[in-house]
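Asks: First the structure, which I've put down as structure tokens, then a few questions once you've had a look.
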Amino acid sequence: MTTVVSAKDLSLTFQTNDGPVNALSNVTLDIAKGEFVSFIGPSGCGKTTFLRAIAELEHPTSGALSINGMTPRQAREKRAYGYVFQAAALYPWRTIEQNIALPLEIMGYSKAEQQARIARTLELVNLGGFGNKHPWQLSGGMQQRASIARALAFDADLLLMDEPFGALDEIVRDHLNSELLKLWAATEKTICFVTHSIPEAVYLSTKIVVMSPRPGRVTDIIDSTLPRERPLDIRETPEFLAIAARVRDGLRAGHSYEE
Amino acid sequence: MKKPGTILPILIVLATILVFWYAAALVMNWPRLSDSYQRAGTIDVPLSQQFNDLLSMEKPLLPAPHQVVVELWKTMAQQAVTSKKSLVYHGWVTLSATLLGFVFGTTLGIGLALFIVYNNAMDRSLMPWIIASQTIPILAIAPMIIVVLNAVGIEGLVPKAIISTYLSFFPVVVGMVKGFRSPEAIQLDLLHTYNASRLQTFIKLRWPIALPYLFTSMKVGIAASLVGAIVGELPAGGGSGLGARLLAGSYYGQTIQIWSALFAAAALAGALIIVVGIAERLTTARMGARPA
């Protein structure tokens with residue numbers, strides 16, 4: 001299997017006014033092509049920082065990080081990944097279509113190619129017919145789906161998702177989770193997914209990375225035994241609950257309440 | 001859409017202003033009138049005659065509203081627009097300087113804002129000078145600009161436009177610096193992941209997000225521009241334009257002429273701001289803004 005993301009002894013320290021903060025400490029991790037990897041942990045555990053380091057939005061202090069065998073900078077210049085942020089970050093003056101066209105315009109796709117890709121990705125996220133709407137005319141869940149479509153539009157093999165459904169309610173989130181799984185199956189992309197919801201992590205992932213804060217480090221890596229085909233009610237099976245329990249234990253172990 | 005009951009309050013406010021104005025005209029013009037009665041030796045003037053005289057003096061301290069209206073009518077409708085007696089002619093002279101200065105000022109303001117946003121050294125060194133420039137009274141600097149430019153042979157429209165520029169670039173700089181810096185971190189991060197160039201970041205994000213700031217700045221800027229053009233016409237003396245009209249009026253005690261020039265200037269400012277407002281509404285509608 002090809003390795004898409006490879007981190008070795010990765011550390012990242014922020015210099016703040018209150019002294020250095022170890023956001024990441026000696027993280028070693030390999031993500032293979034086609035995997036769905038969730039990063040879970042309390043706030044401050046460095047899960048978002050790790051994702052941002054892959055996207056070259058943060059710069060590691062030491063250690064090695066490669067994406068498709070390239071440095072983060074080269075990967076960014078090659079447009080190797082799509083990034084979905086916590087908020088949809090759609091540009092309010094652009095319609096949904098124009099928002100999806102944004103990366104395509106920047107990357108210099110032809111008008112015809114843009115139209116074809118917009119139509120295709122809108123279908124993928126079930127937003128067909130909403131292309132001419134402006135962001136404010138859509139619900140929060142639809143906006144986030146549009147931002148996923150935008151990340152999919154330029155065919156990057158790697159999708160980095162930073163708590164994309166964190167601000168949405170439980171019902172919408174369930175719905176989007178199952179849609180995301182279908183999308184993952186349809187596109188065969190590698191997905192890195194940051195969350196702080198245990199059910200979400202277990203339901204979606206082939207691999208769950210449990211992290212703990214101060215310093216941010218990996219405490220457990222769980223390979224899921226669940227089948228790739230996952231109806232929503234798989235969440236009531238003993239197998240699902242066993243994995244969830246292990247995640248919970250990992251979170252508890254990493255978090256020292258005695259401090 | 002007009003909501004019911006918006007016309008009535010406006011009319012009431014207008015009526016109140018008129019009542020106060022007439023009252024003020026009666027009170028303020030009385031000393032002058034009683035003087036002239038004494039000098040002419042007239043006594044026992046009937047009250048209605050006094051009332052009438054107070055509101056139809058040739059050089060009143062405060063002209064009555066209808067006197068200003070009549071003057072406006074005479075100087076706008078009953079004169080050829082090319083005549084020096086026409087307020088339309090003088091208004092156009094001022095308007096052309098205002099518009100030229102406004103275009104200069106807006107361009108200069110946007111340019112300076114770009115410098116400040118994209119260059120750290122400019123950011124630290126330019127802003128204090130820009131603010132200092134606005135603390136100098138325009139009345140002090142305007143004659144110098146006119147005189148210096150006259151000395152090198154530049155006359156007429158351009159010197160006035162430069163004074164307009166001097167006043168109108170400031171709100172644009174301040175507004176556009178704020179506007180160009182208004183993208184959120186997440187919006188910039190997004191473009192970073194696309195490996196967008198600085199120029200692309202500007203065209204796709206900073207410029208469109210700054211447009212609402214531009215229109216707000218331009219509304220302030222165009223009014224300032226008009227003030228600049230009028231002030232620029234004062235030192236010229238005896239020339240054309242609303243400013244020259246104001247100055248001539250004050251030389252010869254033609255208060256009615258002063259007031260009608262003031263009203264013309266106010267109407268012009270109002271119209272200019274409305275035009276900018278319409279441009280703003282068309283642009284925001286095109287940009288798909290949520291209707292208020």
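Quick note on naming: the chains in the structure tokens go A, B, ... in the order shown, residues restart at 1 in each chain, and ligands are numbered from 1 in order of appearance.
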Using only C-alpha atoms, tabulate the residues of chain A lying at most 9 Å from any atom of chain B, each with its closest atom pair and that distance in Å to one decimal, by chain and increasing residue number, as a Markdown table.

Replies:
| residue | atom | partner | partner_atom | distance |
| --- | --- | --- | --- | --- |
| A:Ala55 | CA | B:Thr193 | CA | 6.4 |
| A:Glu56 | CA | B:Thr193 | CA | 7.8 |
| A:Leu57 | CA | B:Asp189 | CA | 7.1 |
| A:Arg76 | CA | B:Asn195 | CA | 6.2 |
| A:Glu77 | CA | B:Asn195 | CA | 5.7 |
| A:Lys78 | CA | B:Asn195 | CA | 8.3 |
| A:Arg79 | CA | B:Tyr194 | CA | 6.2 |
| A:Tyr81 | CA | B:Thr193 | CA | 7.8 |
| A:Gly82 | CA | B:Thr193 | CA | 7.4 |
| A:Tyr83 | CA | B:Thr193 | CA | 7.0 |
| A:Val84 | CA | B:Leu190 | CA | 8.5 |
| A:Phe85 | CA | B:Ile186 | CA | 7.5 |
| A:Gln86 | CA | B:Ile186 | CA | 8.9 |
| A:Ala87 | CA | B:Ile186 | CA | 8.1 |
| A:Ala89 | CA | B:Gln187 | CA | 6.0 |
| A:Leu90 | CA | B:Gln187 | CA | 8.1 |
| A:Tyr91 | CA | B:Gln187 | CA | 8.0 |
| A:Pro92 | CA | B:Ala289 | CA | 7.4 |
| A:Trp93 | CA | B:Met287 | CA | 4.7 |
| A:Arg94 | CA | B:Met287 | CA | 6.8 |
| A:Thr95 | CA | B:Gly288 | CA | 7.6 |
| A:Leu102 | CA | B:Lys204 | CA | 7.9 |
| A:Pro103 | CA | B:Tyr194 | CA | 6.3 |
| A:Ile106 | CA | B:Ala196 | CA | 6.3 |
| A:Met107 | CA | B:Tyr194 | CA | 7.6 |
| A:Lys133 | CA | B:Gly288 | CA | 8.8 |
| A:His134 | CA | B:Gly288 | CA | 6.5 |
| A:Trp136 | CA | B:Arg290 | CA | 7.0 |
| A:Gln137 | CA | B:Arg290 | CA | 8.3 |

Asks: Atoms to include: C-alpha atoms. Write the selected residues as a short mmCIF file (atom, residue, chain, number, x, y, z; two decimals), in the first residue's frame.

Replies:
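Just written: result_7.cif:
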data_model
loop_
_atom_site.label_atom_id
_atom_site.label_comp_id
_atom_site.auth_asym_id
_atom_site.auth_seq_id
_atom_site.Cartn_x
_atom_site.Cartn_y
_atom_site.Cartn_z
CA ALA A 55 -1.34 21.78 4.75
CA GLU A 56 1.72 23.94 5.47
CA LEU A 57 -0.42 26.33 7.48
CA ARG A 76 0.81 22.52 -1.46
CA GLU A 77 2.34 23.82 -4.68
CA LYS A 78 1.15 20.62 -6.39
CA ARG A 79 -2.31 21.19 -4.86
CA TYR A 81 -5.03 18.15 -0.92
CA GLY A 82 -8.38 19.79 -0.33
CA TYR A 83 -8.95 21.37 3.06
CA VAL A 84 -12.35 21.65 4.73
CA PHE A 85 -12.36 24.09 7.63
CA GLN A 86 -14.47 24.22 10.78
CA ALA A 87 -16.61 26.91 9.20
CA ALA A 89 -15.76 29.86 4.77
CA LEU A 90 -17.77 30.41 1.59
CA TYR A 91 -17.28 33.85 0.08
CA PRO A 92 -20.62 35.60 0.60
CA TRP A 93 -20.41 37.60 -2.63
CA ARG A 94 -20.12 34.44 -4.72
CA THR A 95 -22.91 31.99 -5.51
CA LEU A 102 -12.82 29.58 -6.76
CA PRO A 103 -10.03 26.97 -6.56
CA ILE A 106 -6.97 30.00 -9.21
CA MET A 107 -5.61 26.78 -10.67
CA LYS A 133 -27.97 30.40 -4.57
CA HIS A 134 -25.85 32.60 -2.39
CA TRP A 136 -26.83 33.02 3.10
CA GLN A 137 -29.75 31.31 1.36
#

Asks: Can you pull out every residue within 6 Å of region 105-122 of chain B, counting only C-alpha atoms, but drop anything in the same chain fewer than 3 positions away, and send it as a list in words?

Replies: Gly101, Phe102, Ser125, Leu126, Thr165, Ser168, Phe169, Val172, Val173, Met176 and Val177 of chain B

Asks: Could the residues in this selection be saved with N, CA and C atoms as a compact mmCIF listing (two decimals), in the first residue's frame?

Replies:
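Contents of out36.txt, freshly written:
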# COMPACT_ATOMS: atom_id res chain seq x y z
N GLY B 101 -11.66 66.11 -8.42
CA GLY B 101 -10.95 65.91 -7.16
C GLY B 101 -11.34 64.60 -6.50
N PHE B 102 -12.60 64.24 -6.63
CA PHE B 102 -13.09 63.00 -6.02
C PHE B 102 -12.45 61.78 -6.68
N SER B 125 5.22 54.05 8.60
CA SER B 125 5.69 55.42 8.42
C SER B 125 4.65 56.34 7.76
N LEU B 126 3.75 55.77 6.96
CA LEU B 126 2.88 56.63 6.17
C LEU B 126 1.68 57.15 6.95
N THR B 165 -9.05 66.78 -3.70
CA THR B 165 -8.29 65.53 -3.53
C THR B 165 -7.73 65.45 -2.12
N SER B 168 -10.50 64.50 0.14
CA SER B 168 -11.29 63.29 -0.07
C SER B 168 -10.46 62.01 -0.05
N PHE B 169 -9.13 62.09 -0.16
CA PHE B 169 -8.37 60.83 -0.15
C PHE B 169 -8.36 60.21 1.24
N VAL B 172 -10.93 57.57 2.24
CA VAL B 172 -10.74 56.39 1.40
C VAL B 172 -9.54 55.56 1.90
N VAL B 173 -8.44 56.23 2.26
CA VAL B 173 -7.29 55.49 2.79
C VAL B 173 -7.70 54.71 4.04
N MET B 176 -10.19 51.88 3.23
CA MET B 176 -9.68 50.78 2.42
C MET B 176 -8.60 49.98 3.14
N VAL B 177 -7.82 50.63 4.00
CA VAL B 177 -6.86 49.87 4.81
C VAL B 177 -7.63 48.86 5.65

Asks: Just want the 10 Å neighbourhood of region 238-253 of chain A, counted on only C-alpha atoms, with same-chain residues fewer than 6 positions away dropped. Output as a ChimeraX atom specification.

Replies: /A:40-42,198-203,208-213,218-226

Asks: Find the residues near region 6-19 of chain A: any atom within 10 Å, counting only C-alpha atoms, skip ones fewer than 4 places away on the same chain, and give them as a compact mmCIF listing (two decimals) with C-alpha atoms, in the first residue's frame.

Replies:
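This went into out-v7.txt:
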# COMPACT_ATOMS: atom_id res chain seq x y z
CA ALA A 23 1.42 21.63 20.33
CA LEU A 24 2.89 18.41 18.92
CA SER A 25 5.48 16.17 20.51
CA ASN A 26 7.17 13.30 18.68
CA VAL A 27 4.24 12.28 16.55
CA THR A 28 5.00 9.28 14.34
CA LEU A 29 2.24 8.17 12.01
CA ASP A 30 1.72 6.69 8.57
CA ILE A 31 -1.49 7.11 6.62
CA ALA A 32 -2.01 4.76 3.70
CA GLY A 46 -2.67 19.14 18.57
CA THR A 49 -2.22 21.55 14.40
CA PHE A 50 -1.23 18.23 12.82
CA ALA A 53 1.10 21.15 9.43
CA ILE A 54 0.20 18.80 6.56
CA GLU A 58 1.92 25.61 10.42
CA HIS A 59 5.61 24.77 10.34
CA PRO A 60 6.95 21.85 12.39
CA THR A 61 9.85 22.63 14.70
CA SER A 62 11.53 19.24 14.23
CA GLY A 63 10.96 15.83 12.72
CA ALA A 64 9.99 14.81 9.22
CA LEU A 65 6.66 15.14 7.44
CA SER A 66 5.99 14.06 3.90
CA ILE A 67 2.89 14.01 1.71
CA ASN A 68 3.02 11.67 -1.28
CA GLY A 69 6.78 11.65 -0.73
CA MET A 70 6.96 15.46 -1.00
CA PRO A 215 2.30 18.14 25.15
CA GLY A 216 0.19 17.11 22.16
CA ARG A 217 0.98 13.47 21.43

Asks: Can you measure CA of Gly249 (chain B) to CA of Ser225 (chain B) for me? One decimal in Å is fine.

Replies: 22.2 Å

Asks: Report the residues of region 162-241 of chain A whose backbone DSSP state falls under helix (DSSP H, G or I), written as an mmCIF file with N, CA and C atoms, in the first residue's frame.

Replies:
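Final output, saved to out.cif:
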data_model
loop_
_atom_site.group_PDB
_atom_site.id
_atom_site.type_symbol
_atom_site.label_atom_id
_atom_site.label_comp_id
_atom_site.auth_asym_id
_atom_site.auth_seq_id
_atom_site.Cartn_x
_atom_site.Cartn_y
_atom_site.Cartn_z
ATOM 1 N N GLU A 170 -26.985 17.427 15.901
ATOM 2 C CA GLU A 170 -26.823 15.967 15.867
ATOM 3 C C GLU A 170 -27.475 15.332 14.630
ATOM 4 N N ILE A 171 -28.684 15.779 14.292
ATOM 5 C CA ILE A 171 -29.440 15.133 13.216
ATOM 6 C C ILE A 171 -28.767 15.395 11.870
ATOM 7 N N VAL A 172 -28.419 16.654 11.663
ATOM 8 C CA VAL A 172 -27.746 17.019 10.412
ATOM 9 C C VAL A 172 -26.404 16.306 10.330
ATOM 10 N N ARG A 173 -25.728 16.229 11.463
ATOM 11 C CA ARG A 173 -24.414 15.615 11.514
ATOM 12 C C ARG A 173 -24.495 14.132 11.131
ATOM 13 N N ASP A 174 -25.474 13.401 11.686
ATOM 14 C CA ASP A 174 -25.674 11.991 11.325
ATOM 15 C C ASP A 174 -25.816 11.837 9.822
ATOM 16 N N HIS A 175 -26.670 12.698 9.279
ATOM 17 C CA HIS A 175 -26.955 12.647 7.860
ATOM 18 C C HIS A 175 -25.689 12.877 7.037
ATOM 19 N N LEU A 176 -24.935 13.919 7.433
ATOM 20 C CA LEU A 176 -23.735 14.251 6.673
ATOM 21 C C LEU A 176 -22.663 13.184 6.833
ATOM 22 N N ASN A 177 -22.614 12.562 8.030
ATOM 23 C CA ASN A 177 -21.648 11.485 8.240
ATOM 24 C C ASN A 177 -21.877 10.346 7.255
ATOM 25 N N SER A 178 -23.145 9.927 7.115
ATOM 26 C CA SER A 178 -23.387 8.795 6.209
ATOM 27 C C SER A 178 -23.152 9.218 4.759
ATOM 28 N N GLU A 179 -23.447 10.493 4.456
ATOM 29 C CA GLU A 179 -23.153 10.964 3.099
ATOM 30 C C GLU A 179 -21.656 11.017 2.829
ATOM 31 N N LEU A 180 -20.915 11.396 3.866
ATOM 32 C CA LEU A 180 -19.465 11.479 3.707
ATOM 33 C C LEU A 180 -18.888 10.087 3.436
ATOM 34 N N LEU A 181 -19.434 9.075 4.128
ATOM 35 C CA LEU A 181 -18.962 7.704 3.887
ATOM 36 C C LEU A 181 -19.226 7.282 2.440
ATOM 37 N N LYS A 182 -20.402 7.607 1.944
ATOM 38 C CA LYS A 182 -20.743 7.260 0.549
ATOM 39 C C LYS A 182 -19.780 7.958 -0.404
ATOM 40 N N LEU A 183 -19.529 9.220 -0.105
ATOM 41 C CA LEU A 183 -18.643 10.011 -0.943
ATOM 42 C C LEU A 183 -17.223 9.434 -0.937
ATOM 43 N N TRP A 184 -16.803 9.005 0.230
ATOM 44 C CA TRP A 184 -15.466 8.419 0.376
ATOM 45 C C TRP A 184 -15.385 7.130 -0.449
ATOM 46 N N ALA A 185 -16.471 6.314 -0.372
ATOM 47 C CA ALA A 185 -16.500 5.067 -1.140
ATOM 48 C C ALA A 185 -16.490 5.364 -2.638
ATOM 49 N N ALA A 186 -17.219 6.431 -3.028
ATOM 50 C CA ALA A 186 -17.331 6.744 -4.457
ATOM 51 C C ALA A 186 -16.038 7.317 -5.028
ATOM 52 N N THR A 187 -15.309 8.092 -4.222
ATOM 53 C CA THR A 187 -14.153 8.808 -4.766
ATOM 54 C C THR A 187 -12.822 8.146 -4.420
ATOM 55 N N ILE A 198 -16.701 10.924 19.804
ATOM 56 C CA ILE A 198 -16.291 9.516 19.737
ATOM 57 C C ILE A 198 -17.150 8.748 18.724
ATOM 58 N N PRO A 199 -18.504 8.850 18.772
ATOM 59 C CA PRO A 199 -19.299 8.098 17.798
ATOM 60 C C PRO A 199 -18.956 8.464 16.358
ATOM 61 N N GLU A 200 -18.722 9.744 16.120
ATOM 62 C CA GLU A 200 -18.390 10.186 14.770
ATOM 63 C C GLU A 200 -17.091 9.540 14.301
ATOM 64 N N ALA A 201 -16.082 9.547 15.190
ATOM 65 C CA ALA A 201 -14.779 8.976 14.840
ATOM 66 C C ALA A 201 -14.915 7.485 14.546
ATOM 67 N N VAL A 202 -15.634 6.768 15.405
ATOM 68 C CA VAL A 202 -15.733 5.310 15.244
ATOM 69 C C VAL A 202 -16.555 4.975 14.003
ATOM 70 N N TYR A 203 -17.627 5.733 13.809
ATOM 71 C CA TYR A 203 -18.515 5.446 12.684
ATOM 72 C C TYR A 203 -17.812 5.636 11.340
ATOM 73 N N LEU A 204 -16.974 6.676 11.250
ATOM 74 C CA LEU A 204 -16.410 7.039 9.955
ATOM 75 C C LEU A 204 -15.120 6.303 9.607
ATOM 76 N N LEU A 232 -26.274 3.453 9.437
ATOM 77 C CA LEU A 232 -26.236 4.235 10.681
ATOM 78 C C LEU A 232 -26.430 3.373 11.921
ATOM 79 N N ASP A 233 -27.255 2.283 11.789
ATOM 80 C CA ASP A 233 -27.539 1.496 13.005
ATOM 81 C C ASP A 233 -26.392 0.564 13.398
ATOM 82 N N ILE A 234 -25.287 0.633 12.633
ATOM 83 C CA ILE A 234 -24.104 -0.133 13.041
ATOM 84 C C ILE A 234 -23.602 0.386 14.401
ATOM 85 N N ARG A 235 -24.048 1.589 14.721
ATOM 86 C CA ARG A 235 -23.573 2.208 15.966
ATOM 87 C C ARG A 235 -24.140 1.552 17.227
ATOM 88 N N GLU A 236 -25.121 0.638 17.031
ATOM 89 C CA GLU A 236 -25.649 -0.075 18.205
ATOM 90 C C GLU A 236 -25.018 -1.462 18.371
ATOM 91 N N PRO A 238 -22.315 -4.467 19.168
ATOM 92 C CA PRO A 238 -21.280 -4.627 20.210
ATOM 93 C C PRO A 238 -19.885 -4.274 19.694
ATOM 94 N N GLU A 239 -19.625 -4.602 18.422
ATOM 95 C CA GLU A 239 -18.314 -4.336 17.846
ATOM 96 C C GLU A 239 -18.011 -2.827 17.869
ATOM 97 N N PHE A 240 -19.030 -2.045 17.453
ATOM 98 C CA PHE A 240 -18.911 -0.587 17.440
ATOM 99 C C PHE A 240 -18.648 -0.079 18.854
ATOM 100 N N LEU A 241 -19.448 -0.601 19.787
ATOM 101 C CA LEU A 241 -19.343 -0.116 21.170
ATOM 102 C C LEU A 241 -17.994 -0.475 21.776
#
